[in-house]
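So the structure is just underneath, and the comments pick up after that.
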Number of protein chains: 4
Amino acid sequence: MHTETNEAKSGKIRVVLVGGSGYTGFEVIRCLARHGQAELVGIFGPEGELGPMESFYPHLAKLCPLEQVLYEPDKVASLGADLAMLCVPHKVAMSYVPALLEAGLRVIDWSADYRLRDPAEYEKWYCPHTDPEHLAEAAYGLPEYFAERIRTARLVANPGCYPTCTTLALAPVIAAGLIEPTGIVCNAISGVSGAGRTAAQKFHFPERNENFEPYGVGTHRHMPEMEQALSEITGRTVELLFQPHLCPMDRGMLCSLYARPAGKVTGEQLTECLQAAYADKPFVRVRTDVLPATKYTSHTNFCDVAARVAKGRVVLFSALDNLLKGASGQAVQNMNVMFGFDETAGLY
Amino acid sequence: MHTETNEAKSGKIRVVLVGGSGYTGFEVIRCLARHGQAELVGIFGPEGELGPMESFYPHLAKLCPLEQVLYEPDKVASLGADLAMLCVPHKVAMSYVPALLEAGLRVIDWSADYRLRDPAEYEKWYCPHTDPEHLAEAAYGLPEYFAERIRTARLVANPGCYPTCTTLALAPVIAAGLIEPTGIVCNAISGVSGAGRTAAQKFHFPERNENFEPYGVGTHRHMPEMEQALSEITGRTVELLFQPHLCPMDRGMLCSLYARPAGKVTGEQLTECLQAAYADKPFVRVRTDVLPATKYTSHTNFCDVAARVAKGRVVLFSALDNLLKGASGQAVQNMNVMFGFDETAGLY
Amino acid sequence: MHTETNEAKSGKIRVVLVGGSGYTGFEVIRCLARHGQAELVGIFGPEGELGPMESFYPHLAKLCPLEQVLYEPDKVASLGADLAMLCVPHKVAMSYVPALLEAGLRVIDWSADYRLRDPAEYEKWYCPHTDPEHLAEAAYGLPEYFAERIRTARLVANPGCYPTCTTLALAPVIAAGLIEPTGIVCNAISGVSGAGRTAAQKFHFPERNENFEPYGVGTHRHMPEMEQALSEITGRTVELLFQPHLCPMDRGMLCSLYARPAGKVTGEQLTECLQAAYADKPFVRVRTDVLPATKYTSHTNFCDVAARVAKGRVVLFSALDNLLKGASGQAVQNMNVMFGFDETAGLY
Amino acid sequence: MHTETNEAKSGKIRVVLVGGSGYTGFEVIRCLARHGQAELVGIFGPEGELGPMESFYPHLAKLCPLEQVLYEPDKVASLGADLAMLCVPHKVAMSYVPALLEAGLRVIDWSADYRLRDPAEYEKWYCPHTDPEHLAEAAYGLPEYFAERIRTARLVANPGCYPTCTTLALAPVIAAGLIEPTGIVCNAISGVSGAGRTAAQKFHFPERNENFEPYGVGTHRHMPEMEQALSEITGRTVELLFQPHLCPMDRGMLCSLYARPAGKVTGEQLTECLQAAYADKPFVRVRTDVLPATKYTSHTNFCDVAARVAKGRVVLFSALDNLLKGASGQAVQNMNVMFGFDETAGLY
C-alpha cells in the first residue's frame with residue numbers, strides 16, 4: 001500500500017498537519033522546515049483557530065507561509081498527502097483517524113487514543129473508545145523498541161512524554177533481570193509547556209515562576225501507558241508508582257527512578273546494560289560521569305539515561321525535551337522510520 | 001475628625017481590606033501581619049471571590065485566619081474600623097469611596113480613580129468619573145513629597161508603580177533645574193505580577209518565560225499620572241515619553257530615564273542633588289558605585305535611584321518592587337504617615 | 001546562667017553575627033530588622049570579606065548600618081552580647097564555639113559541626129572533630145521536637161535544610177507506626193541559593209536556568225543527619241535513601257517521600273496524624289486539598305506537609321524556604337525559644 | 001583564490017573551528033550539524049581547554065564526535081580546510097588571522113578585532129592593534145547590507161550582537177531621511193549568555209535570577225561599532241547613546257530605540273520603509289500588529305523589527321537571539337554568502 005508514495009515522484013513526501021496551533025504543532029513545523037525529504041503541504045484546525053500560522057506563532061513568519069484552514073476530511077484527502085500528523089486532543093483524534101486511513105494516508109497520532117492496547121483500560125482513564133478496530137493495528141511509536149512495526153504501520157501512536165522518558169531508562173535493566181519489575185518509584189518533573197498552551201491561573205507566570213509543585217498523585221494517565229510499554233518490551237509484568245511535578249522552566253523532563261536490585265547488582269553492570277541497549281540508537285545517550293540534566297537535551301531529540309547503585313537500591317535517571325523526544329521530535333523520528341529516511345533527518 | 005481613632009482605646013488601629021484576592025491584597029496582608037500598631041479586622045470582596053483567605057493564597061494559612069466576605073457598606077461600617085484599604089479596580093473604587101468616607105473611615109485607594117486631578121484628563125484615559133467631589137480632596141500618596149497632606153487626608157490615592165519609580169528619580173533633578181523638563185524618555189520594565197493575577201495567554205508561563213517584550217507604545221495610562229506628579233512637585237511643565245516592557249520575572253521594576261542636561265551638568269551634581277533630596281527619607285536610597293537593580297529592592301519598600309552623564313545626556317535609573325513600594329508597601333507607608341506611626345513600621 | 005541577659009536591662013537581647021556575607025547571613029539580618037526584642041550589635045567575618053554590609057548586599061543600605069569587621073574572640077566578647085549566630089562553614093564553626101561559650105555567650109551554629117551526635121559519624125562525612133566536648137551538650141535546633149532542650153541550651157546546632165524538610169513530614173507518621181521506618185525514598189529538590197553564594201560554572205546563570213539536575217547520588221551529607229533526627233524523635237531505626245536535585249529557582253525546597261505503609265493505612269489517617277502533631281506548632285501547616293508547593297512557603301518560615309496513599313504506597317510531600325525555615329528563619333525561631341520570646345517574633 | 005574549494009571535489013566545504021568551548025562555539029557546531037554543504041573537520045583551543053567536545057558540552061554527545069585539540073597554525077593548515085571560524089577573544093583573534101589567511105583559508109572572526117575600520121578608534125576601546133594590514137581588507141559581516149563584499153572576502157568580521165540588533169532597525173529609516181541621525185537613544189537588554197560562559201558572582205544564578213540591571217553607562221564597546229556601521233550604510237554621521245541592561249533569561253536581545261522624526265513622519269511610513277528594505281531578506285521580519293519580543297526569535301536566526309510614532313517621537317524595536325543572529329547564526333549566514341550557498345542553509 002505504501003509503495004507508491006509521492007516521494008517516488010517528487011523526491012519529497014507530502015505531509016499534512018492537523019492541529020498546528022499548540023506547542024507540539026509549532027515544534028513539528030520547525031523540524032519539518034529542517035527536513036530535506038518531507039514537505040508540509042497543509043495545516044488544518046478547528047473553527048475559531050484558523051488563519052496564517054504566524055498569527056498563532058509570530059515565530060513562524062518567513063518560516064512557514066501556510067494558513068491553518070478548517071479541517072475537513074475531503075480537503076485533506078484532496079492534497080494527495082502521504083502522511084497526516086495529528087496534534088489534536090484525545091477523542092478528537094479517534095474521530096479523525098478512520099477517514100484519514102480510508103483516504104490512503106498514513107497517520108501519526110500525538111494523542112493517547114491509540115496508545116493503550118486494551119480498550120477497557122483506555123476507557124478507565126479517558127472516555128469510551130470509538131475506534132477499537134484501528135486500535136488493534138496501531139504501532140506504539142517508540143522507535144528504539146518498535147521500529148520494525150513502525151516501518152510498515154499505517155497508524156502510529158506517538159508515546160506520551162513521561163512514558164518515553166521512563167521506558168527508555170527502565171526497559172533494558174528490567175529486560176536483563178537486573179532490577180525487580182515491581183515496586184518501582186518514578187519521580188518525574190516536567191517543564192510547564194507540557195501542560196499545553198491554554199491559559200489558566202495554575203500556569204499564570206507569577207504563580208509558576210519560582211515554584212515547584214507535585215500534582216496528580218496516583219492519578220496520572222501516563223502511568224498505565226508506562227506499565228504497558230515496559231511489560232510489552234520486557235515480557236515481565238511491570239508495576240510502578242508514577243509521581244509528576246511541575247518545574248519552573250519552559251521545557252525539559254527528568255525522571256528519577258528508584259528500584260530494588262534483583263540480587264547483587266553494581267552500577268557498572270547497569271551502565272553496561274544500558275550501553276549495550278543503546279549503542280546503535282542515535283537518540284539515546286548513556287551518561288557515566290555526568291548525570292542526565294534537562295538542559296543537555298533541551299531543543300534536541302536526545303534522551304539521556306544513567307544508572308547508579310546507592311544504599312542498596314538502584315537509581316536511574318532519564319532526561320529529554322518534552323516537546324521533542326517527548327512529542328514532536330519523536331513523531332518526526334517515527335516518520336523517518338516509516339518512510340525509510342535516515343532516522344535523524346530534520347532532528348539535529 | 002480623626003482624633004478619636006480606635007488606636008487611642010486599644011493601642012491598634014482597625015483596618016479593613018476591600019479586595020483581598022489579588023497580588024496587592026496579599027502583600028498588604030503580609031505587611032500588616034508584621035505591623036505592631038494596625039490590625040486587620042475584615043476582608044471584603046465581590047460575589048464569586050468569597051471564602052477563607054488561604055483558599056485564595058495557600059501562603060496565608062496560619063498567618064491570616066480571616067475570610068473574604070461579600071462587600072456591603074453597612075457591614076464594613078459595623079466593624080468600627082479606622083481605615084479602609086481598597087485593592088479594587090478603577091471605577092469600582094470610586095463607587096465605594098463616598099459611603100466609606102461617609103461612615104467615618106479614612107481610605108487609601110490603590111486604583112487610579114483619585115490620582116488625576118483633572119476629571120477630564122481621567123475620563124480621557126479611563127471612563128466617566130462618578131465622584132469628582134472627593135477627587136478634589138484626595139491626597140496623592142507619594143509620602144516623600146506629599147506627607148503633609150497625607151497626614152490629615154481622609155482619602156489617599158496610592159500612586160501607580162511606574163509613576164512612583166519615575167517620579168522619585170526625576171523630581172529632584174527637574175526641581176533643581178539640572179535637566180530640561182521636556183523631551184524625557186522613560187524606558188521602563190516590570191515583572192509580570194504587575195499585570196495582576198488574572199490568567200491570559202499573554203501571561204501563560206511558557207509564553208512569558210525567557211521572553212522580554214515591549215507593550216502599550218504611547219498609550220499607557222501611567223504616562224499622564226507621571227507628568228502630573230512631576231509637574232506638581234517641581235512647578236515645571238514636565239513632558240515625557242513612557243515606554244513599558246514586560247520582563248520575565250515575578251516582581252521588580254526598573255526605569256531608565258534619558259534627559260537633556262540644562263546647561264553643563266556633571267554626574268556628581270546630579271548625585272548630590274538626589275542625596276540632598278532623600279537624605280532623611282527612609283525608603284529612597286541614592287546609589288553611587290553600584291547601579292540600581294531590581295533585586296536589591298525585591299521584597300522591600302525601598303526605591304533605589306542613581307544618576308550619570310553619558311555622551312552629553314543625563315541618564316537616571318530607578319528600581320523598586322512593583323508590589324511593595326509600587327503598591328502595597330507604599331500604601332502601608334501612607335497609613336503610617338496618616339496615623340502618626342513610625343514611617344517604616346511593618347515595612348522592613 | 002542565662003538569667004541575667006542584657007534583655008533584662010535594655011529590653012532587647014544583644015546579638016552578634018559571625019559570617020554576614022553569605023545568603024544565610026543576609027536573611028538573618030532581615031529577620032532581626034523586623035524583630036522587636038533582639039538587636040544586632042556586631043557582624044564579624046574573615047580577612048578579605050570586611051566592610052559595610054551594603055558593600056556585600058546593596059539590599060541592606062538604609063536597613064543595616066553595620067560593618068563586617070575582622071573576627072576576633074575578644075572583640076566579640078567586648079560587645080556584651082547575649083547570643084552569637086554563626087553563619088560560617090563547618091570546621092570553622094567548631095574552632096570558634098569554645099571561646100564564645102567561654103565568654104558567656106549562647107551560640108546558634110548554622111554549620112554541621114554540632115549536628116551529628118557521634119563524632120565518628122561526623123568524621124566519616126566531614127573531617128576530624130575538634131570539639132567533641134561541646135558536641136555532647138549541643139541541642140538539635142528543630143524546635144517542633146526539641147524545644148525543651150533548646151530553651152536552656154548554651155549551644156544549638158541549627159539543622160540542615162533537607163533534614164528539616166524531611167523530618168517534619170516523616171516524624172509523626174513513623175512515630176505513630178503508620179509507615180515502615182526503613183526503605184524510604186526521599187526525592188528532594190532545592191533552589192540554587194542552597195548552594196551558597198560562591199560563583200562556579202555549575203551555578204552560572206545560563207547553565208542553571210531552564211535546567212533541572214540530580215546530584216550527589218548516595219553521597220549527600222544530609223542523609224545521616226536525617227536518619228539521626230528521625231531515629232531520635234521516633235525511637236525507631238530509620239533508614240532512607242536521599243536523592244537531591246537542583247531546580248532552576250532562587251529558593252525553595254520540596255521533598256517527595258515514598259514509604260511502605262505499616263499495614264492498612266489510609267490518606268485520612270496519615271493526614272490526621274500530621275494534623276495532631278502540628279496543630280499547635282505555628283510554622284508547620286498540614287495541607288489537605290492543595291499539595292505543598294515551594295511558592296506557598298517562599299519568603300516565610302513555614303513548612304507545609306501533606307500525605308496521600310497511592311497504589312499501595314504512602315507518598316508524603318513537604319516544602320519550605322531553604323534560606324528561612326531551612327536555615328536563618330529556623331535559627332531565629334530557635335533564638336525565640338532560647339530567650340522566651342513569642343516563637344513567631346520577627347518571622348512573619 | 002577561492003575558486004578551487006574542497007567543495008568542488010567532495011560536495012562539502014571543510015570548516016575548522018577555533019574556540020569551541022564557549023557558547024558561540026557550541027551554537028555554530030549545532031548549525032553546522034544541520035548544514036548539508038559544510039563539514040566541521042577540526043576544533044582547536046588553548047592549553048587547558050582540550051578534550052572531547054562532549055566534555056565541555058554534554059549536549060554534544062552523539063552529535064559532535066570531535067575533540068578540541070591544541071591550536072597550532074600548521075595543524076590547522078594540514079587539514080585542507082576552506083574556512084576557519086574564530087570564536088576567540090579579541091587580541092587573540094588578530095594574532096591568529098595572518099597565518100590562517102597565509103595558509104589559504106578564508107576566515108570569519110567573531111571578535112571585535114576587525115570590526116572598527118579605524119585602528120585608532122579600535123585602540124581607544126580595546127588595545128593596540130597588531131594587524132592593521134588585514135583590518136583594511138576585512139568585510140563587515142552584516143549580510144543584509146554588505147553581502148557583495150562578504151561574497152568575495154577572505155576575512156569577515158562578524159558583528160557584535162548589539163550592533164546587529166540596532167543597525168537592522170535604524171539603517172533603513174536613517175537612510176530614508178525619516179529620522180534625525182543624531183541624539184538617538186538605544187535602550188538595550190540582553191540575556192545572560194551574552195556575558196559568556198566564565199563564572200563570576202555577577203552571573204551566579206541567585207544573583208541574576210529575578211534581577212534586571214543596567215550596566216556600562218556610556219562605556220560599552222559596541223557603541224562605536226554601531227555608529228560606524230550605521231554611518232557607513234546610511235552615508236550620514238550617526239550618533240547615539242547606547243545603554244545595555246542584563247535581563248534574567250538565557251538568550252535574547254531587544255533594543256528600544258528613541259529618535260526624533262525628520263519632519264512629519266507617520267508610523268505607516270516608517271513601517272513601509274522597513275518593509276521595503278527587508279522584503280527580500282530571509283532573516284529580517286518587519287512586525288506590524290505584534291511588537292518584536294525576544295521569544296519569537298529565540299533559537300532562530302531571525303531579527304524582528306518594528307516602528308511606531310508616539311508623542312512626537314519615533315520609537316523602534318528590534319529583537320534577535322544574541323547567540324544566533326547576534327553571533328553564530330550570523331556567522332553561518334556569512335559563510336553561506338561567502339560560498340554561494342542558499343543564505344538560509346543550516347539556519348532553520
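A note on labels: chains of the C-alpha cells are A, B, ... as shown, every chain counts residues from 1, and ligands are counted from 1 in their shown order.
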For this session: Based on DSSP run over this structure's backbone, return all residues of range 3-215 of chain A in alpha helix (DSSP H), as a count of residues only.
Result: 78
Problem set entry | Residues within 10 Å of range 333-339 of chain B, only C-alpha atoms, excluding chain neighbours under 4 positions, as a PyMOL selection string | chain B and resi 2-3+5+7+13+15+35+37-38+82-83+85+106-108+140-144+146-158+283+301+324-325+328-329+343-347
For this session: Would you mind listing what lies within 6 Å of range 162-168 of chain C as a VMD selection string, with only C-alpha atoms counted and same-chain residues fewer than 2 positions away left out?
Result: chain C and resid 160 170 to 171 226 318
Exercise. Could you list, as a ChimeraX atom specification, every residue of chain D that has an atom within 10 Å of an atom of chain A, counting only C-alpha atoms?
Worked result: /D:30-36,55,57-63,209-210,281-287,289-300,302,304,345-348
What's the 12 Å shell around Pro46 in chain A, counting only C-alpha atoms, without same-chain residues fewer than 2 positions away, as a compact mmCIF listing (two decimals) with N, CA and C atoms, in the first residue's frame?
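result.txt was written with the following content:
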# COMPACT_ATOMS: atom_id res chain seq x y z
N VAL A 18 -2.55 18.25 11.32
CA VAL A 18 -3.87 18.60 11.85
C VAL A 18 -3.67 19.08 13.28
N GLY A 19 -3.93 20.35 13.52
CA GLY A 19 -3.73 20.92 14.86
C GLY A 19 -2.39 21.62 14.96
N GLY A 20 -2.29 22.79 14.33
CA GLY A 20 -0.99 23.46 14.28
C GLY A 20 -0.81 24.53 15.33
N SER A 21 -1.84 24.81 16.13
CA SER A 21 -1.74 26.00 16.97
C SER A 21 -1.23 25.75 18.39
N ILE A 43 -2.17 22.61 6.69
CA ILE A 43 -2.37 22.62 8.13
C ILE A 43 -3.85 22.84 8.39
N PHE A 44 -4.41 22.00 9.22
CA PHE A 44 -5.86 22.04 9.47
C PHE A 44 -6.14 22.21 10.95
N GLY A 48 -12.53 28.63 14.77
CA GLY A 48 -12.08 29.51 15.85
C GLY A 48 -10.57 29.57 15.98
N GLU A 49 -9.88 28.66 15.30
CA GLU A 49 -8.41 28.68 15.36
C GLU A 49 -7.85 28.63 13.95
N LEU A 50 -8.39 29.44 13.09
CA LEU A 50 -7.96 29.43 11.68
C LEU A 50 -7.19 30.70 11.34
N GLY A 51 -6.34 30.62 10.35
CA GLY A 51 -5.59 31.80 9.91
C GLY A 51 -4.13 31.48 9.67
N GLN A 68 -3.65 27.89 8.69
CA GLN A 68 -4.43 26.79 9.25
C GLN A 68 -5.86 26.96 8.75
N VAL A 69 -6.32 25.95 8.02
CA VAL A 69 -7.68 26.02 7.47
C VAL A 69 -8.56 24.98 8.15
N LEU A 70 -9.87 25.15 7.96
CA LEU A 70 -10.81 24.28 8.66
C LEU A 70 -10.62 22.81 8.27
N TYR A 71 -10.55 21.95 9.26
CA TYR A 71 -10.37 20.53 9.00
C TYR A 71 -11.61 19.93 8.35
N GLU A 72 -11.44 19.39 7.19
CA GLU A 72 -12.49 18.60 6.55
C GLU A 72 -11.79 17.44 5.87
N CYS A 87 -1.94 16.52 15.82
CA CYS A 87 -1.67 17.16 17.12
C CYS A 87 -2.99 17.66 17.69
N VAL A 88 -3.90 16.75 17.92
CA VAL A 88 -5.22 17.13 18.43
C VAL A 88 -5.46 16.38 19.73
N PRO A 89 -6.43 16.82 20.53
CA PRO A 89 -6.69 16.16 21.82
C PRO A 89 -7.19 14.73 21.63
N VAL A 92 -10.80 13.54 19.90
CA VAL A 92 -10.83 14.13 18.56
C VAL A 92 -10.03 13.27 17.60
Exercise. Excluding same-chain residues fewer than 2 positions from range 111-122 of chain A, what lies within 7 Å of it counting only C-alpha atoms, as a list of chain:residue names?
Worked result: A:Cys87, A:Val88, A:Pro89, A:His90, A:Lys91, A:Ala93, A:Met94, A:Asp109, A:Lys124, A:Trp125, A:Tyr126, A:His129, A:Pro132, A:Leu135, A:Ala136, A:Ala138, A:Tyr140, A:Ala157, A:Pro159, A:Glu225
